[in-house]
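Structure below is start_15.cif: mmCIF, C-alpha atoms; chains and numbers go by the auth columns.
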```cif
data_upload
#
loop_
_atom_site.group_PDB
_atom_site.id
_atom_site.type_symbol
_atom_site.label_atom_id
_atom_site.label_comp_id
_atom_site.label_asym_id
_atom_site.label_seq_id
_atom_site.Cartn_x
_atom_site.Cartn_y
_atom_site.Cartn_z
_atom_site.B_iso_or_equiv
_atom_site.auth_seq_id
_atom_site.auth_asym_id
ATOM 1 C CA MET A 1 -7.704 2.803 -6.825 0.00 1210 A
ATOM 2 C CA SER A 2 -11.190 4.342 -7.071 0.00 1211 A
ATOM 3 C CA ARG A 3 -11.803 7.845 -5.799 0.00 1212 A
ATOM 4 C CA ARG A 4 -14.082 6.568 -3.022 0.00 1213 A
ATOM 5 C CA SER A 5 -11.571 3.969 -1.799 0.00 1214 A
ATOM 6 C CA GLY A 6 -8.929 6.700 -1.746 0.00 1215 A
ATOM 7 C CA ILE A 7 -11.180 8.854 0.443 0.00 1216 A
ATOM 8 C CA LEU A 8 -11.781 5.906 2.769 0.00 1217 A
ATOM 9 C CA GLU A 9 -8.059 5.255 3.127 0.00 1218 A
ATOM 10 C CA PHE A 10 -7.503 8.927 3.902 0.00 1219 A
ATOM 11 C CA ALA A 11 -10.192 8.887 6.608 0.00 1220 A
ATOM 12 C CA VAL A 12 -8.899 5.658 8.180 0.00 1221 A
ATOM 13 C CA LEU A 13 -5.361 7.033 8.365 0.00 1222 A
ATOM 14 C CA GLY A 14 -6.659 10.243 9.900 0.00 1223 A
ATOM 15 C CA LEU A 15 -8.659 8.463 12.588 0.00 1224 A
ATOM 16 C CA LEU A 16 -5.789 6.145 13.453 0.00 1225 A
ATOM 17 C CA ARG A 17 -3.494 9.129 13.773 0.00 1226 A
ATOM 18 C CA GLU A 18 -5.610 10.089 16.772 0.00 1227 A
ATOM 19 C CA SER A 19 -5.366 6.657 18.408 0.00 1228 A
ATOM 20 C CA PRO A 20 -5.154 2.939 17.554 0.00 1229 A
ATOM 21 C CA MET A 21 -8.537 1.259 17.004 0.00 1230 A
ATOM 22 C CA HIS A 22 -9.984 -2.076 16.031 0.00 1231 A
ATOM 23 C CA GLY A 23 -12.284 -2.515 13.056 0.00 1232 A
ATOM 24 C CA TYR A 24 -15.546 -2.043 14.919 0.00 1233 A
ATOM 25 C CA GLU A 25 -14.397 1.252 16.405 0.00 1234 A
ATOM 26 C CA LEU A 26 -13.221 2.481 13.014 0.00 1235 A
ATOM 27 C CA ARG A 27 -16.498 1.576 11.347 0.00 1236 A
ATOM 28 C CA LYS A 28 -18.465 3.328 14.087 0.00 1237 A
ATOM 29 C CA ARG A 29 -16.375 6.511 13.805 0.00 1238 A
ATOM 30 C CA LEU A 30 -16.638 6.575 10.034 0.00 1239 A
ATOM 31 C CA ASN A 31 -20.398 5.998 10.059 0.00 1240 A
ATOM 32 C CA THR A 32 -21.401 8.182 12.990 0.00 1241 A
ATOM 33 C CA SER A 33 -18.864 10.342 14.787 0.00 1242 A
ATOM 34 C CA LEU A 34 -17.054 11.456 11.658 0.00 1243 A
ATOM 35 C CA GLY A 35 -20.278 11.851 9.737 0.00 1244 A
ATOM 36 C CA VAL A 36 -18.690 11.739 6.291 0.00 1245 A
ATOM 37 C CA PHE A 37 -19.553 8.318 4.904 0.00 1246 A
ATOM 38 C CA ARG A 38 -22.842 6.623 4.412 0.00 1247 A
ATOM 39 C CA ALA A 39 -23.106 3.227 6.103 0.00 1248 A
ATOM 40 C CA PHE A 40 -20.923 0.563 4.541 0.00 1249 A
ATOM 41 C CA SER A 41 -20.071 -3.013 5.350 0.00 1250 A
ATOM 42 C CA TYR A 42 -17.048 -4.597 6.920 0.00 1251 A
ATOM 43 C CA GLY A 43 -16.509 -6.052 3.452 0.00 1252 A
ATOM 44 C CA THR A 44 -15.522 -2.539 2.378 0.00 1253 A
ATOM 45 C CA LEU A 45 -13.489 -1.598 5.451 0.00 1254 A
ATOM 46 C CA TYR A 46 -11.312 -4.674 5.884 0.00 1255 A
ATOM 47 C CA PRO A 47 -9.907 -4.781 2.337 0.00 1256 A
ATOM 48 C CA CYS A 48 -8.967 -1.129 2.858 0.00 1257 A
ATOM 49 C CA LEU A 49 -7.213 -1.980 6.134 0.00 1258 A
ATOM 50 C CA LYS A 50 -5.373 -4.899 4.503 0.00 1259 A
ATOM 51 C CA THR A 51 -4.161 -2.599 1.734 0.00 1260 A
ATOM 52 C CA LEU A 52 -2.877 -0.054 4.247 0.00 1261 A
ATOM 53 C CA VAL A 53 -1.094 -2.809 6.179 0.00 1262 A
ATOM 54 C CA ALA A 54 0.464 -4.138 2.968 0.00 1263 A
ATOM 55 C CA ASN A 55 1.698 -0.641 2.131 0.00 1264 A
ATOM 56 C CA GLY A 56 3.400 -0.401 5.509 0.00 1265 A
ATOM 57 C CA TRP A 57 1.168 2.429 6.725 0.00 1266 A
ATOM 58 C CA LEU A 58 -0.563 0.360 9.420 0.00 1267 A
ATOM 59 C CA ILE A 59 0.400 -2.535 11.636 0.00 1268 A
ATOM 60 C CA GLU A 60 -1.915 -5.131 13.149 0.00 1269 A
ATOM 61 C CA GLU A 61 -1.661 -5.911 16.845 0.00 1270 A
ATOM 62 C CA PRO A 62 -3.722 -8.316 18.965 0.00 1271 A
ATOM 63 C CA GLY A 63 -6.193 -6.722 21.334 0.00 1272 A
ATOM 64 C CA ASN A 64 -4.461 -6.395 24.674 0.00 1273 A
ATOM 65 C CA THR A 65 -7.304 -5.833 27.100 0.00 1274 A
ATOM 66 C CA ARG A 66 -7.973 -8.425 29.792 0.00 1275 A
ATOM 67 C CA GLU A 67 -11.494 -8.914 28.426 0.00 1276 A
ATOM 68 C CA ASP A 68 -10.112 -9.719 24.971 0.00 1277 A
ATOM 69 C CA ALA A 69 -7.644 -12.197 26.376 0.00 1278 A
ATOM 70 C CA LEU A 70 -10.313 -14.035 28.388 0.00 1279 A
ATOM 71 C CA ALA A 71 -13.066 -13.953 25.773 0.00 1280 A
ATOM 72 C CA ALA A 72 -11.101 -15.344 22.833 0.00 1281 A
ATOM 73 C CA PRO A 73 -10.467 -18.913 24.129 0.00 1282 A
ATOM 74 C CA LEU A 74 -13.963 -19.168 25.667 0.00 1283 A
ATOM 75 C CA THR A 75 -15.828 -18.150 22.537 0.00 1284 A
ATOM 76 C CA GLY A 76 -13.503 -19.703 20.008 0.00 1285 A
ATOM 77 C CA ARG A 77 -13.162 -16.356 18.285 0.00 1286 A
ATOM 78 C CA ARG A 78 -9.931 -14.628 17.450 0.00 1287 A
ATOM 79 C CA ALA A 79 -8.861 -11.778 19.662 0.00 1288 A
ATOM 80 C CA LYS A 80 -9.712 -8.385 18.194 0.00 1289 A
ATOM 81 C CA ILE A 81 -7.079 -6.924 15.926 0.00 1290 A
ATOM 82 C CA VAL A 82 -6.030 -3.379 16.745 0.00 1291 A
ATOM 83 C CA TYR A 83 -4.728 -1.203 13.926 0.00 1292 A
ATOM 84 C CA ARG A 84 -1.950 1.252 14.645 0.00 1293 A
ATOM 85 C CA LEU A 85 -0.476 3.937 12.386 0.00 1294 A
ATOM 86 C CA THR A 86 3.210 3.491 11.557 0.00 1295 A
ATOM 87 C CA ALA A 87 5.718 6.303 11.173 0.00 1296 A
ATOM 88 C CA GLU A 88 5.457 5.814 7.405 0.00 1297 A
ATOM 89 C CA GLY A 89 1.678 5.948 7.653 0.00 1298 A
ATOM 90 C CA LYS A 90 1.799 9.197 9.574 0.00 1299 A
ATOM 91 C CA GLU A 91 4.149 10.692 6.989 0.00 1300 A
ATOM 92 C CA HIS A 92 1.869 9.526 4.167 0.00 1301 A
ATOM 93 C CA PHE A 93 -1.214 11.008 5.859 0.00 1302 A
ATOM 94 C CA GLU A 94 0.549 14.342 6.361 0.00 1303 A
ATOM 95 C CA GLU A 95 1.430 14.324 2.670 0.00 1304 A
ATOM 96 C CA LEU A 96 -2.241 13.717 1.807 0.00 1305 A
ATOM 97 C CA LEU A 97 -3.272 16.544 4.141 0.00 1306 A
ATOM 98 C CA SER A 98 -1.024 18.962 2.260 0.00 1307 A
ATOM 99 C CA GLN A 99 -2.609 18.251 -1.134 0.00 1308 A
ATOM 100 C CA THR A 100 -4.906 20.962 -2.489 0.00 1309 A
ATOM 101 C CA GLY A 101 -5.645 19.704 -5.990 0.00 1310 A
ATOM 102 C CA PRO A 102 -9.079 19.567 -7.668 0.00 1311 A
ATOM 103 C CA ASP A 103 -10.084 16.309 -5.959 0.00 1312 A
ATOM 104 C CA ALA A 104 -10.078 18.148 -2.621 0.00 1313 A
ATOM 105 C CA TYR A 105 -12.964 20.332 -3.865 0.00 1314 A
ATOM 106 C CA GLU A 106 -15.335 17.514 -4.854 0.00 1315 A
ATOM 107 C CA ASP A 107 -18.340 16.839 -2.657 0.00 1316 A
ATOM 108 C CA GLU A 108 -17.385 13.671 -0.780 0.00 1317 A
ATOM 109 C CA HIS A 109 -13.644 14.303 -0.750 0.00 1318 A
ATOM 110 C CA PHE A 110 -14.152 17.821 0.566 0.00 1319 A
ATOM 111 C CA ALA A 111 -16.286 16.511 3.431 0.00 1320 A
ATOM 112 C CA ALA A 112 -13.528 14.077 4.416 0.00 1321 A
ATOM 113 C CA ARG A 113 -10.882 16.781 4.151 0.00 1322 A
ATOM 114 C CA PHE A 114 -12.951 19.172 6.234 0.00 1323 A
ATOM 115 C CA ALA A 115 -13.408 16.561 8.949 0.00 1324 A
ATOM 116 C CA PHE A 116 -9.626 16.638 9.452 0.00 1325 A
ATOM 117 C CA PHE A 117 -9.112 20.392 9.231 0.00 1326 A
ATOM 118 C CA GLY A 118 -8.072 20.289 12.884 0.00 1327 A
ATOM 119 C CA GLN A 119 -4.930 18.465 11.721 0.00 1328 A
ATOM 120 C CA THR A 120 -4.403 20.675 8.660 0.00 1329 A
ATOM 121 C CA SER A 121 -2.270 23.819 8.431 0.00 1330 A
ATOM 122 C CA ARG A 122 -4.081 27.130 7.989 0.00 1331 A
ATOM 123 C CA ASP A 123 -2.665 27.890 4.529 0.00 1332 A
ATOM 124 C CA VAL A 124 -3.803 24.503 3.224 0.00 1333 A
ATOM 125 C CA ARG A 125 -7.247 24.989 4.754 0.00 1334 A
ATOM 126 C CA MET A 126 -7.523 28.308 2.959 0.00 1335 A
ATOM 127 C CA ARG A 127 -6.612 26.819 -0.425 0.00 1336 A
ATOM 128 C CA VAL A 128 -9.090 23.980 -0.013 0.00 1337 A
ATOM 129 C CA LEU A 129 -11.896 26.299 1.118 0.00 1338 A
ATOM 130 C CA GLU A 130 -11.277 28.756 -1.708 0.00 1339 A
ATOM 131 C CA GLY A 131 -11.084 25.939 -4.235 0.00 1340 A
ATOM 132 C CA ARG A 132 -14.330 24.470 -2.964 0.00 1341 A
ATOM 133 C CA ARG A 133 -16.029 27.876 -3.146 0.00 1342 A
ATOM 134 C CA SER A 134 -14.830 28.412 -6.697 0.00 1343 A
ATOM 135 C CA ARG A 135 -16.097 24.968 -7.714 0.00 1344 A
ATOM 136 C CA LEU A 136 -19.526 25.649 -6.216 0.00 1345 A
ATOM 137 C CA GLU A 137 -19.762 29.096 -7.806 0.00 1346 A
ATOM 138 C CA GLU A 138 -19.134 27.472 -11.182 0.00 1347 A
ATOM 139 C CA ARG A 139 -21.792 24.858 -10.423 0.00 1348 A
ATOM 140 C CA LEU A 140 -24.247 27.539 -9.365 0.00 1349 A
ATOM 141 C CA GLU A 141 -23.721 29.517 -12.555 0.00 1350 A
ATOM 142 C CA LYS A 142 -24.401 26.411 -14.658 0.00 1351 A
ATOM 143 C CA MET A 143 -27.539 25.641 -12.651 0.00 1352 A
ATOM 144 C CA ARG A 144 -28.854 29.176 -13.133 0.00 1353 A
ATOM 145 C CA SER A 145 -28.107 29.085 -16.843 0.00 1354 A
ATOM 146 C CA SER A 146 -29.814 25.724 -17.250 0.00 1355 A
ATOM 147 C CA LEU A 147 -32.856 26.873 -15.303 0.00 1356 A
ATOM 148 C CA SER A 148 -33.236 30.021 -17.391 0.00 1357 A
ATOM 149 C CA ARG A 149 -33.185 27.935 -20.593 0.00 1358 A
ATOM 150 C CA THR A 150 -35.589 25.230 -19.468 0.00 1359 A
ATOM 151 C CA ARG A 151 -37.897 27.041 -17.031 0.00 1360 A
ATOM 152 C CA GLU A 152 -40.855 27.204 -19.445 0.00 1361 A
ATOM 153 C CA ARG A 153 -40.681 23.470 -20.203 0.00 1362 A
ATOM 154 C CA LEU A 154 -40.592 22.285 -16.589 0.00 1363 A
ATOM 155 C CA ASP A 155 -43.567 21.297 -14.478 0.00 1364 A
ATOM 156 C CA ASP A 156 -43.960 22.905 -11.067 0.00 1365 A
ATOM 157 C CA TYR A 157 -42.411 20.034 -9.108 0.00 1366 A
ATOM 158 C CA THR A 158 -39.330 19.713 -11.282 0.00 1367 A
ATOM 159 C CA LEU A 159 -38.891 23.474 -11.149 0.00 1368 A
ATOM 160 C CA GLU A 160 -39.157 23.452 -7.368 0.00 1369 A
ATOM 161 C CA LEU A 161 -36.597 20.640 -7.153 0.00 1370 A
ATOM 162 C CA GLN A 162 -34.130 22.631 -9.232 0.00 1371 A
ATOM 163 C CA ARG A 163 -34.703 25.709 -7.075 0.00 1372 A
ATOM 164 C CA HIS A 164 -34.093 23.618 -3.969 0.00 1373 A
ATOM 165 C CA GLY A 165 -30.804 22.380 -5.424 0.00 1374 A
ATOM 166 C CA MET A 166 -29.714 25.939 -6.182 0.00 1375 A
ATOM 167 C CA GLU A 167 -30.614 27.103 -2.683 0.00 1376 A
ATOM 168 C CA SER A 168 -28.514 24.293 -1.203 0.00 1377 A
ATOM 169 C CA VAL A 169 -25.478 25.346 -3.231 0.00 1378 A
ATOM 170 C CA GLU A 170 -26.043 29.013 -2.374 0.00 1379 A
ATOM 171 C CA ARG A 171 -26.244 28.097 1.311 0.00 1380 A
ATOM 172 C CA GLU A 172 -22.941 26.252 1.178 0.00 1381 A
ATOM 173 C CA VAL A 173 -21.267 29.158 -0.631 0.00 1382 A
ATOM 174 C CA ARG A 174 -22.379 31.494 2.173 0.00 1383 A
ATOM 175 C CA TRP A 175 -21.043 29.029 4.729 0.00 1384 A
ATOM 176 C CA LEU A 176 -17.712 28.856 2.912 0.00 1385 A
ATOM 177 C CA ASN A 177 -17.535 32.655 2.797 0.00 1386 A
ATOM 178 C CA GLU A 178 -17.905 32.740 6.581 0.00 1387 A
ATOM 179 C CA LEU A 179 -15.204 30.104 7.064 0.00 1388 A
ATOM 180 C CA ILE A 180 -12.795 31.879 4.728 0.00 1389 A
ATOM 181 C CA GLU A 181 -13.393 35.178 6.494 0.00 1390 A
ATOM 182 C CA SER A 182 -12.660 33.529 9.847 0.00 1391 A
ATOM 183 C CA GLU A 183 -9.466 31.946 8.522 0.00 1392 A
ATOM 184 C CA ARG A 184 -8.261 35.257 7.084 0.00 1393 A
ATOM 185 C CA ALA A 185 -8.971 36.983 10.389 0.00 1394 A
ATOM 186 C CA GLY A 186 -6.952 34.361 12.236 0.00 1395 A
ATOM 187 C CA ARG A 187 -9.920 33.024 14.174 0.00 1396 A
ATOM 188 C CA ASP A 188 -10.895 29.440 14.795 0.00 1397 A
ATOM 189 C CA LEU A 189 -14.527 28.418 14.346 0.00 1398 A
ATOM 190 C CA ARG A 190 -15.391 29.344 17.915 0.00 1399 A
ATOM 191 C CA GLY A 191 -14.267 32.924 17.334 0.00 1400 A
ATOM 192 C CA SER A 192 -11.029 33.011 19.355 0.00 1401 A
ATOM 193 C CA GLU A 193 -8.015 34.811 17.951 0.00 1402 A
ATOM 194 C CA SER A 194 -4.979 33.093 16.433 0.00 1403 A
ATOM 195 C CA GLY A 195 -2.091 32.230 18.654 0.00 1404 A
ATOM 196 C CA GLU A 196 -2.195 29.344 21.039 0.00 1405 A
ATOM 197 C CA SER A 197 -5.556 28.150 19.700 0.00 1406 A
ATOM 198 C CA ALA A 198 -4.337 28.333 16.099 0.00 1407 A
ATOM 199 C CA GLN A 199 -1.246 26.351 16.996 0.00 1408 A
ATOM 200 C CA GLN A 200 -3.378 23.694 18.659 0.00 1409 A
ATOM 201 C CA ASP A 201 -5.672 23.513 15.705 0.00 1410 A
ATOM 202 C CA THR A 202 -2.857 22.483 13.365 0.00 1411 A
ATOM 203 C CA THR A 203 -1.584 19.760 15.667 0.00 1412 A
ATOM 204 C CA SER A 204 -4.595 18.382 17.520 0.00 1413 A
ATOM 205 C CA GLY A 205 -6.795 15.645 16.141 0.00 1414 A
ATOM 206 C CA SER A 206 -9.822 17.138 17.865 0.00 1415 A
ATOM 207 C CA ALA A 207 -12.800 18.146 15.764 0.00 1416 A
ATOM 208 C CA GLY A 208 -14.104 20.539 18.425 0.00 1417 A
ATOM 209 C CA GLY A 209 -15.901 23.560 17.049 0.00 1418 A
ATOM 210 C CA LEU A 210 -16.497 22.080 13.608 0.00 1419 A
ATOM 211 C CA PRO A 211 -19.945 22.390 12.055 0.00 1420 A
ATOM 212 C CA ARG A 212 -22.148 19.404 12.707 0.00 1421 A
ATOM 213 C CA PRO A 213 -21.867 16.588 10.125 0.00 1422 A
ATOM 214 C CA ARG A 214 -25.279 17.461 8.651 0.00 1423 A
ATOM 215 C CA ASP A 215 -23.805 20.806 7.557 0.00 1424 A
ATOM 216 C CA LEU A 216 -21.183 19.106 5.408 0.00 1425 A
ATOM 217 C CA PRO A 217 -21.610 18.019 1.802 0.00 1426 A
ATOM 218 C CA GLY A 218 -21.728 14.267 1.363 0.00 1427 A
ATOM 219 C CA THR A 219 -23.940 13.568 4.390 0.00 1428 A
ATOM 220 C CA ASP A 220 -27.555 12.534 4.450 0.00 1429 A
ATOM 221 C CA THR A 221 -29.137 15.981 4.594 0.00 1430 A
ATOM 222 C CA PRO A 222 -31.453 16.585 1.603 0.00 1431 A
ATOM 223 C CA GLY A 223 -29.993 19.070 -0.809 0.00 1432 A
ATOM 224 C CA ASP A 224 -26.413 18.426 0.290 0.00 1433 A
ATOM 225 C CA THR A 225 -23.966 16.226 -1.507 0.00 1434 A
ATOM 226 C CA ALA A 226 -21.369 12.433 1.760 0.00 1435 A
ATOM 227 C CA THR A 227 -16.929 2.123 7.978 0.00 1436 A
#
```

Translate the structure described by the file into structure tokens.
Amino acid sequence: MSRRSGILEFAVLGLLRESPMHGYELRKRLNTSLGVFRAFSYGTLYPCLKTLVANGWLIEEPGNTREDALAAPLTGRRAKIVYRLTAEGKEHFEELLSQTGPDAYEDEHFAARFAFFGQTSRDVRMRVLEGRRSRLEERLEKMRSSLSRTRERLDDYTLELQRHGMESVEREVRWLNELIESERAGRDLRGSESGESAQQDTTSGSAGGLPRPRDLPGTDTPGDTAT
């Protein structure tokens, strides 16, 4: 399995943990509401769904709305298939949520992980945030070192592009510092203290209070890194 397909499977499981959906709804959430993936075709999504069904993590059910039932025989099209997370799928997703290895710090994978921080325990969030910060600090140091060695050989536009890249990384490091400080203080991202809100934020699938998708790495904002 490629790294990107693994991220897609993770995101699909996370969305279906919130509620069952059919393919169109999933693709819309992945492309827009979730804000993690660039646009992709159904030819990418449906093989992923088939794999998850084959693994026993999802089940397929016919659409059960009255509109679906009436439209299918009239149009000659199959009724929409709704995908539902199984108990095994929920257990597998929770296992993925608990992982804090190096992959969780990479640009696109981190964006997907962050999108589901509302379903992630506070200690795991802290490890992922600190790992991401450490990875970016290493990247920033390499960028500064490279710039100092090559500055005299670069034209103005290339130099400005490298400076822009460094500023983007520095901006994300500052953002991560703020998040880590909030987590350590027991606050959610809207500034309320731990307690009932913290308990909700480890069990709810809501993404309320999260930074907008353009603030995450892996989206389409210039200078940042993104059914």

Between atom CA of A:Phe1219 and atom CA of A:Val1291, measure the distance and give it in Å to one decimal.
-> 17.8 Å

Taking the file as shown, find all residues satisfying the PyMOL selection byres ((chain A and resi 1335) around 12) and write them as number ranges by chain.
-> A: 1307-1309, 1313-1314, 1323, 1326, 1329-1334, 1336-1342, 1385-1395

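The gap separating atom CA of A:His1318 from atom CA of A:Leu1294 is 21.3 Å, in Å to one decimal.
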
Run the PyMOL selection byres ((chain A and resi 1295) around 12) on the file and write out the hits as a PyMOL selection string.
-> chain A and resi 1222+1225-1226+1228-1229+1261-1270+1292-1294+1296-1302

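Here atom CA of A:Glu1304 stands at a distance of 17.9 Å from atom CA of A:Ala1320.
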
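Residue nearest A:Leu1345 within the list A:Glu1369, A:Leu1224, A:Glu1317, A:Val1378: A:Val1378 [criterion: smallest interatomic distance, all atoms listed in the file].
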
Using all atoms listed in the file, which residues sit within 12 Å of A:Glu1350 once same-chain residues fewer than 6 positions away are excluded, as a list in words?
-> Ser1343, Arg1344, Leu1356, Ser1357, Met1375, Val1378 and Glu1379 of chain A

Keeping only C-alpha atoms, write those residues as a JSON list (two decimals), in the coordinates of the input.
```json
[["chain", "number", "residue", "atom", "x", "y", "z"],
["A", 1343, "SER", "CA", -14.83, 28.41, -6.70],
["A", 1344, "ARG", "CA", -16.10, 24.97, -7.71],
["A", 1356, "LEU", "CA", -32.86, 26.87, -15.30],
["A", 1357, "SER", "CA", -33.24, 30.02, -17.39],
["A", 1375, "MET", "CA", -29.71, 25.94, -6.18],
["A", 1378, "VAL", "CA", -25.48, 25.35, -3.23],
["A", 1379, "GLU", "CA", -26.04, 29.01, -2.37]]
```

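For the set A:Pro1271, A:Leu1306, A:Thr1253, A:His1373, the residue with the smallest atom-to-atom gap to A:Gly1327 is A:Leu1306, counting only C-alpha atoms.
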